[in-house]
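For reference, query10.cif is printed below; it contains mmCIF, C-alpha atoms.
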```cif
data_start
loop_
_atom_site.label_atom_id
_atom_site.label_comp_id
_atom_site.auth_asym_id
_atom_site.auth_seq_id
_atom_site.Cartn_x
_atom_site.Cartn_y
_atom_site.Cartn_z
CA MET A 1 -31.14 197.20 -96.48
CA GLY A 2 -29.89 196.51 -92.95
CA LYS A 3 -30.63 198.68 -89.96
CA LYS A 4 -28.06 201.42 -89.35
CA LYS A 5 -25.62 200.48 -86.58
CA LYS A 6 -25.90 202.70 -83.51
CA LEU A 7 -22.87 204.63 -82.27
CA SER A 8 -20.87 203.02 -79.49
CA GLN A 9 -20.19 204.85 -76.20
CA ILE A 10 -16.61 205.53 -77.32
CA GLU A 11 -17.85 207.01 -80.61
CA ILE A 12 -20.36 209.19 -78.76
CA GLU A 13 -17.68 210.51 -76.39
CA ALA A 14 -15.36 211.20 -79.33
CA ALA A 15 -18.11 213.14 -81.12
CA ILE A 16 -18.95 215.19 -78.00
CA ASN A 17 -15.26 216.02 -77.51
CA GLY A 18 -15.09 216.97 -81.19
CA ILE A 19 -17.92 219.46 -80.68
CA ARG A 20 -16.15 220.85 -77.59
CA LYS A 21 -12.98 221.33 -79.64
CA LYS A 22 -14.92 223.22 -82.31
CA TYR A 23 -16.30 225.54 -79.63
CA ASN A 24 -12.76 226.10 -78.24
CA ASP A 25 -11.48 226.88 -81.74
CA TYR A 26 -14.46 229.20 -82.27
CA MET A 27 -13.68 231.12 -79.06
CA VAL A 28 -9.99 231.52 -79.82
CA GLU A 29 -10.23 232.35 -83.52
CA PHE A 30 -13.10 234.82 -83.21
CA LEU A 31 -12.41 236.18 -79.69
CA LYS A 32 -15.69 234.89 -78.28
CA THR A 33 -16.60 234.24 -74.65
CA SER A 34 -17.53 230.77 -73.40
CA LYS A 35 -21.27 231.52 -73.54
CA ALA A 36 -22.04 229.37 -76.60
CA LYS A 37 -19.97 226.45 -75.29
CA ASN A 38 -21.61 226.63 -71.86
CA LEU A 39 -25.06 226.50 -73.49
CA PHE A 40 -23.97 223.39 -75.40
CA GLU A 41 -22.82 221.73 -72.16
CA ASP A 42 -26.19 222.55 -70.55
CA ARG A 43 -28.03 221.02 -73.50
CA TYR A 44 -25.82 217.92 -73.31
CA ILE A 45 -26.57 217.43 -69.61
CA ASP A 46 -30.30 217.86 -70.30
CA ALA A 47 -30.07 215.30 -73.12
CA LEU A 48 -28.39 212.76 -70.83
CA ARG A 49 -31.00 213.29 -68.14
CA ALA A 50 -33.87 212.97 -70.62
CA ARG A 51 -32.25 209.87 -72.19
CA ILE A 52 -32.93 211.16 -75.70
CA ASP A 53 -31.31 209.81 -78.85
CA LEU A 54 -27.71 211.07 -78.59
CA GLU A 55 -27.01 210.41 -82.26
CA ARG A 56 -29.66 212.93 -83.29
CA PHE A 57 -28.45 215.32 -80.55
CA ILE A 58 -24.83 215.09 -81.78
CA TYR A 59 -25.91 215.64 -85.39
CA ASN A 60 -27.90 218.76 -84.52
CA GLU A 61 -25.20 220.16 -82.23
CA MET A 62 -22.51 219.66 -84.87
CA LEU A 63 -24.66 221.54 -87.38
CA LEU A 64 -25.16 224.34 -84.86
CA VAL A 65 -21.47 224.93 -84.01
CA GLU A 66 -20.48 224.66 -87.67
CA GLN A 67 -23.10 227.29 -88.52
CA LEU A 68 -21.72 229.59 -85.81
CA ILE A 69 -18.24 229.23 -87.29
CA ALA A 70 -19.52 229.71 -90.85
CA ASP A 71 -21.36 232.91 -89.84
CA GLU A 72 -18.21 234.36 -88.27
CA LYS A 73 -16.10 233.41 -91.30
CA GLU A 74 -18.61 235.11 -93.59
CA LYS A 75 -18.52 238.22 -91.40
CA ARG A 76 -14.70 238.18 -91.42
CA GLN A 77 -14.66 237.76 -95.20
CA LYS A 78 -16.93 240.75 -95.66
CA GLU A 79 -14.69 242.80 -93.37
CA ALA A 80 -11.62 241.69 -95.33
CA GLU A 81 -13.31 242.66 -98.61
CA LYS A 82 -14.06 246.10 -97.19
CA LEU A 83 -10.44 246.38 -96.11
CA ASP A 84 -9.22 245.37 -99.57
CA ALA A 85 -11.47 247.98 -101.18
CA ARG A 86 -10.21 250.63 -98.83
CA HIS A 87 -6.58 249.95 -99.74
CA LYS A 88 -7.32 250.08 -103.48
CA LYS A 89 -8.86 253.52 -103.33
CA THR A 90 -6.72 256.51 -104.15
CA LEU A 91 -6.44 259.44 -101.79
CA LYS A 92 -6.87 262.08 -104.55
CA HIS A 93 -10.35 263.15 -103.51
CA LYS A 94 -10.17 262.94 -99.73
CA ASN A 95 -13.19 264.48 -98.05
CA SER A 96 -12.58 267.85 -96.47
CA GLN A 97 -14.39 266.77 -93.32
CA GLU A 98 -13.53 263.67 -91.36
CA SER A 99 -16.31 261.18 -90.73
CA VAL A 100 -17.05 260.00 -87.21
CA VAL A 101 -15.23 256.74 -87.99
CA ASP A 102 -12.19 258.64 -89.23
CA LYS A 103 -12.13 260.72 -86.07
CA ILE A 104 -12.22 257.63 -83.86
CA TYR A 105 -9.55 255.98 -86.01
CA ASN A 106 -7.26 258.99 -85.76
CA ALA A 107 -7.92 259.43 -82.04
CA ASN A 108 -6.85 255.83 -81.43
CA ARG A 109 -3.66 256.42 -83.42
CA ASP A 110 -2.90 259.56 -81.46
CA ARG A 111 -3.03 257.59 -78.20
CA ILE A 112 -0.33 255.16 -79.32
CA ARG A 113 1.83 257.54 -81.33
CA LYS A 114 4.06 258.12 -78.28
CA TYR A 115 5.36 254.53 -78.34
CA VAL A 116 8.46 253.75 -80.40
CA GLY A 117 7.78 250.95 -82.89
CA VAL A 118 10.03 248.00 -83.63
CA GLY A 119 10.61 248.88 -87.27
CA LEU A 120 7.80 247.20 -89.23
CA GLU A 121 7.23 250.56 -90.95
CA ASP A 122 4.01 249.57 -92.68
CA ASP A 123 0.74 251.42 -92.23
CA ASP A 124 -1.25 248.18 -92.30
CA VAL A 125 0.39 247.05 -89.05
CA TYR A 126 0.91 250.43 -87.41
CA GLU A 127 -0.85 249.35 -84.20
CA ILE A 128 1.05 246.05 -83.95
CA ASP A 129 4.37 247.83 -84.54
CA LYS A 130 3.61 250.27 -81.72
CA LEU A 131 2.30 247.51 -79.43
CA PHE A 132 5.49 245.47 -79.74
CA GLY A 133 7.40 248.71 -79.15
CA ALA A 134 5.44 249.28 -75.93
CA VAL A 135 6.29 245.76 -74.72
CA LYS A 136 9.95 246.38 -75.61
CA GLU A 137 9.84 249.54 -73.47
CA LEU A 138 8.31 247.48 -70.65
CA GLU A 139 11.11 244.94 -70.86
CA ARG A 140 13.85 247.57 -71.09
CA ASN A 141 12.65 250.10 -68.49
CA TYR A 142 10.40 248.25 -66.04
CA TRP A 143 11.01 244.50 -65.97
CA SER A 144 14.30 244.64 -64.02
CA GLY A 145 12.61 246.40 -61.10
CA MET A 146 9.56 244.15 -61.25
CA GLU A 147 11.75 241.04 -61.41
CA GLY A 148 13.67 242.17 -58.32
CA VAL A 149 10.48 242.54 -56.31
CA PHE A 150 9.16 239.16 -57.47
CA ARG A 151 12.49 237.57 -56.53
CA LYS A 152 12.23 238.98 -53.02
CA LEU A 153 8.67 237.76 -52.49
CA TYR A 154 9.16 234.40 -54.21
CA THR A 155 12.62 233.16 -53.25
CA SER A 156 12.55 230.12 -55.53
CA ARG A 157 12.75 230.65 -59.29
CA TYR A 158 10.10 227.96 -59.65
CA SER A 159 7.62 229.57 -57.26
CA GLY A 160 5.45 232.55 -58.05
CA PRO A 161 4.89 234.18 -61.45
CA ARG A 162 8.42 235.43 -62.17
CA ARG A 163 9.66 232.57 -64.37
CA ASP A 164 6.51 232.39 -66.50
CA LEU A 165 6.21 236.16 -67.01
CA GLU A 166 9.90 236.50 -67.87
CA SER A 167 9.75 233.69 -70.42
CA ARG A 168 6.68 235.12 -72.15
CA LEU A 169 8.09 238.66 -72.10
CA PHE A 170 11.40 237.66 -73.67
CA GLU A 171 9.63 235.63 -76.38
CA LEU A 172 7.96 238.89 -77.44
CA THR A 173 10.99 241.16 -77.16
CA MET A 174 14.26 239.28 -77.79
CA GLU A 175 15.40 239.87 -81.37
CA GLY A 176 16.41 236.96 -83.57
CA PRO A 177 18.89 236.93 -86.48
CA GLU A 178 16.31 238.63 -88.71
CA GLY A 179 16.12 241.64 -86.39
CA TYR A 180 12.63 240.87 -85.12
CA PRO A 181 11.26 238.77 -82.23
CA PRO A 182 10.24 235.26 -83.36
CA ALA A 183 6.61 236.20 -82.63
CA LEU A 184 6.73 238.71 -85.50
CA LEU A 185 8.35 236.56 -88.20
CA LYS A 186 5.11 235.19 -89.65
CA LEU A 187 3.63 238.69 -89.79
CA ARG A 188 6.78 239.97 -91.49
CA THR A 189 6.50 237.19 -94.07
CA ILE A 190 2.89 238.12 -94.86
CA LEU A 191 3.87 241.78 -95.25
CA ASP A 192 6.54 240.82 -97.80
CA ARG A 193 4.11 238.93 -100.04
CA TYR A 194 2.60 240.46 -103.14
CA PRO A 195 -0.26 240.81 -103.69
CA ARG A 196 -0.98 241.35 -100.03
CA GLU A 197 -3.25 238.81 -98.35
CA TYR A 198 -5.30 241.01 -96.05
CA THR A 199 -7.29 238.18 -94.49
CA ALA A 200 -4.10 236.40 -93.41
CA LEU A 201 -2.62 239.70 -92.27
CA GLN A 202 -5.67 240.47 -90.15
CA ARG A 203 -5.65 237.01 -88.56
CA GLU A 204 -1.94 237.09 -87.72
CA SER A 205 -2.17 240.65 -86.37
CA GLN A 206 -5.01 239.49 -84.13
CA ARG A 207 -2.92 236.58 -82.84
CA CYS A 208 0.01 238.87 -82.01
CA MET A 209 -2.30 241.26 -80.20
CA MET A 210 -3.84 238.45 -78.16
CA ASP A 211 -0.42 237.13 -77.07
CA ILE A 212 0.60 240.54 -75.80
CA ALA A 213 -2.78 241.29 -74.23
CA PHE A 214 -2.70 238.02 -72.26
CA LEU A 215 0.80 238.82 -70.99
CA LEU A 216 -0.11 242.37 -69.97
CA HIS A 217 -3.21 241.21 -68.11
CA SER A 218 -1.16 238.54 -66.31
CA MET A 219 1.39 241.17 -65.25
CA HIS A 220 -1.33 243.56 -64.15
CA GLU A 221 -2.95 240.83 -62.05
CA GLU A 222 0.33 239.78 -60.38
CA LEU A 223 1.39 243.36 -59.64
CA ASN A 224 -2.00 244.06 -58.11
CA LYS A 225 -1.56 241.07 -55.80
CA ILE A 226 1.73 242.32 -54.36
CA LYS A 227 1.38 246.14 -54.39
CA ASP A 228 0.24 246.24 -50.74
CA ASP A 229 2.54 243.49 -49.46
CA GLU A 230 3.83 244.55 -46.03
CA SER A 231 7.33 243.13 -46.66
CA LEU A 232 8.02 245.67 -49.43
CA ASN A 233 9.97 248.81 -48.57
CA THR A 234 9.08 252.26 -49.91
CA MET A 235 11.27 252.00 -53.01
CA GLU A 236 9.99 248.53 -53.89
CA ARG A 237 6.40 249.63 -53.41
CA GLN A 238 7.05 252.59 -55.70
CA THR A 239 8.57 250.26 -58.31
CA VAL A 240 5.42 248.15 -58.28
CA GLU A 241 3.16 251.21 -58.54
CA ILE A 242 5.10 252.70 -61.46
CA SER A 243 5.18 249.38 -63.31
CA LEU A 244 1.48 248.79 -62.65
CA HIS A 245 0.67 252.25 -64.01
CA PHE A 246 2.66 251.63 -67.20
CA VAL A 247 1.05 248.21 -67.83
CA HIS A 248 -2.42 249.66 -67.20
CA THR A 249 -1.72 252.57 -69.57
CA VAL A 250 -0.64 250.25 -72.38
CA ILE A 251 -3.78 248.13 -71.92
CA GLU A 252 -5.94 251.26 -72.09
CA ASP A 253 -4.08 252.93 -74.98
CA PHE A 254 -4.33 249.83 -77.19
CA ARG A 255 -7.90 249.01 -76.11
CA LEU A 256 -6.96 245.58 -74.75
CA THR A 257 -9.23 245.68 -71.69
CA ASP A 258 -11.51 242.85 -72.86
CA ILE A 259 -8.81 240.70 -74.50
CA ASN A 260 -8.06 238.73 -71.37
CA SER A 261 -7.41 234.98 -71.23
CA SER A 262 -9.45 234.76 -68.02
CA LYS A 263 -12.48 235.91 -70.05
CA ILE A 264 -11.81 233.63 -73.02
CA LYS A 265 -12.21 230.11 -71.64
CA GLY A 266 -10.04 227.32 -72.94
CA VAL A 267 -7.09 229.63 -73.69
CA LYS A 268 -3.83 229.05 -71.89
CA LYS A 269 -2.07 232.05 -70.38
#
```
Represent the supplied structure as structure tokens.
Amino acid sequence: MGKKKKLSQIEIEAAINGIRKKYNDYMVEFLKTSKAKNLFEDRYIDALRARIDLERFIYNEMLLVEQLIADEKEKRQKEAEKLDARHKKTLKHKNSQESVVDKIYNANRDRIRKYVGVGLEDDDVYEIDKLFGAVKELERNYWSGMEGVFRKLYTSRYSGPRRDLESRLFELTMEGPEGYPPALLKLRTILDRYPREYTALQRESQRCMMDIAFLLHSMHEELNKIKDDESLNTMERQTVEISLHFVHTVIEDFRLTDINSSKIKGVKK
């Protein structure tokens, strides 16, 4: 039997990039920081410096990232099974006293109850319904003032953050023929299926939440940059402060503080 042919430089680079892609997918799908990927890059640099066998290194690193992904999928599956079990239980014998978890759950709902939903009217997506409603309120009551201030500070439509923020905001708020923003159509489709696929529902809800969280953090960052700009008059400064307060409140109410694209490397804003 002939000796196994060694990988070419092109094949090695392709394999390394494949591992990087798996880490990027891992970060996005499971909301992880770049810690694991950075450790891989450090190990890769050390391997190059030590001139070790890269084929063995690639094999071991591929096993490692695939195991990380498998562990998270197993954890997600267990969570989905718990969620399925919860929905199958009847409410006939509800405990007279709320558990600590129930109290936290209800407290979180109370914080977002004030927002008007967009009409999903399904308890499984209560938070998403309210979150899209909050963004709709932002677009309806605050964006016009914010846009005017951005236009003053950035005279060209293609300079500054105005064009990007407006595009992302309208994608999440403008209703299509079905009565919902395009960003909600896949979620609506999952809700209409029977029996309900809770794993798919959880994943799509998470994606919707990330899209909105990234937008809100971008707005918060841009408003913070301009709130003390000397060229703004009193009314414009007040507009920025009010808008900044609303965006901050939504981030806090929906617990989106850590869902920020600047903290999740490899994710586009």
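Among the candidates A:Ser144, A:Ala213, A:Gly160, A:Arg193, the residue lying nearest to Glu236 of chain A is A:Ser144 (atoms considered: all atoms listed in the file).
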### Test item: residues at most 9 Å from segment 220-231 of chain A, all atoms listed in the file, excluding those fewer than 6 positions along its chain, as number ranges by chain
A: 146, 149-150, 153, 161, 237-238, 240-241, 243-245, 247-248
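Around Leu54 of chain A, within 10 Å and counting all atoms listed in the file, the residues found are Lys6, Leu7, Ile12, Ile16, Tyr44, Ala47, Leu48, Tyr59 and Asn60 of chain A, once anything fewer than 5 positions away on its own chain is removed.
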### Message
One number please: atom CA of Asp122 of chain A to atom CA of Arg188 of chain A, in Å, one decimal.
### Response
10.1 Å
### Query
Could you spell out the hits of the PyMOL selection byres ((chain A and resi 17) around 12) on the shown file, as a PyMOL selection string?
chain A and resi 10-16+18-24+37+40-41+44+58+61-62
### Message
Can you tell me which residues surround segment 28-31 of chain A at a distance of at most 12 Å, considering all atoms listed in the file, apart from same-chain residues fewer than 3 positions away, and format the answer as a PyMOL selection string?
### Response
chain A and resi 21-25+34-35+68-76+202-207+209-211+256+258-261+263-268
### Message
Can you translate the PyMOL selection byres ((chain A and resi 106-118) around 12) into the concrete residues it hits in this file, as a PyMOL selection string?
### Response
chain A and resi 98-105+119-123+125-138+172-175+179-181+184+188+246+249-255
Only C-alpha atoms, please: the residues just picked out, written as a short mmCIF file (atom, residue, chain, number, x, y, z; two decimals), in the frame of the given file.
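Written output follows (selection-v4.cif):
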```cif
data_model
loop_
_atom_site.label_atom_id
_atom_site.label_comp_id
_atom_site.auth_asym_id
_atom_site.auth_seq_id
_atom_site.Cartn_x
_atom_site.Cartn_y
_atom_site.Cartn_z
CA GLU A 98 -13.53 263.67 -91.36
CA SER A 99 -16.31 261.18 -90.73
CA VAL A 100 -17.05 260.00 -87.21
CA VAL A 101 -15.23 256.74 -87.99
CA ASP A 102 -12.19 258.64 -89.23
CA LYS A 103 -12.13 260.72 -86.07
CA ILE A 104 -12.22 257.63 -83.86
CA TYR A 105 -9.55 255.98 -86.01
CA GLY A 119 10.61 248.88 -87.27
CA LEU A 120 7.80 247.20 -89.23
CA GLU A 121 7.23 250.56 -90.95
CA ASP A 122 4.01 249.57 -92.68
CA ASP A 123 0.74 251.42 -92.23
CA VAL A 125 0.39 247.05 -89.05
CA TYR A 126 0.91 250.43 -87.41
CA GLU A 127 -0.85 249.35 -84.20
CA ILE A 128 1.05 246.05 -83.95
CA ASP A 129 4.37 247.83 -84.54
CA LYS A 130 3.61 250.27 -81.72
CA LEU A 131 2.30 247.51 -79.43
CA PHE A 132 5.49 245.47 -79.74
CA GLY A 133 7.40 248.71 -79.15
CA ALA A 134 5.44 249.28 -75.93
CA VAL A 135 6.29 245.76 -74.72
CA LYS A 136 9.95 246.38 -75.61
CA GLU A 137 9.84 249.54 -73.47
CA LEU A 138 8.31 247.48 -70.65
CA LEU A 172 7.96 238.89 -77.44
CA THR A 173 10.99 241.16 -77.16
CA MET A 174 14.26 239.28 -77.79
CA GLU A 175 15.40 239.87 -81.37
CA GLY A 179 16.12 241.64 -86.39
CA TYR A 180 12.63 240.87 -85.12
CA PRO A 181 11.26 238.77 -82.23
CA LEU A 184 6.73 238.71 -85.50
CA ARG A 188 6.78 239.97 -91.49
CA PHE A 246 2.66 251.63 -67.20
CA THR A 249 -1.72 252.57 -69.57
CA VAL A 250 -0.64 250.25 -72.38
CA ILE A 251 -3.78 248.13 -71.92
CA GLU A 252 -5.94 251.26 -72.09
CA ASP A 253 -4.08 252.93 -74.98
CA PHE A 254 -4.33 249.83 -77.19
CA ARG A 255 -7.90 249.01 -76.11
#
```
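Note that atom CA of Arg140 of chain A and atom CA of Arg163 of chain A are 17.0 Å apart.
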### Message
If I take atom CA of Ala50 of chain A and atom CA of Gln9 of chain A, how far is one from the other in Å, to one decimal?
### Response
16.9 Å
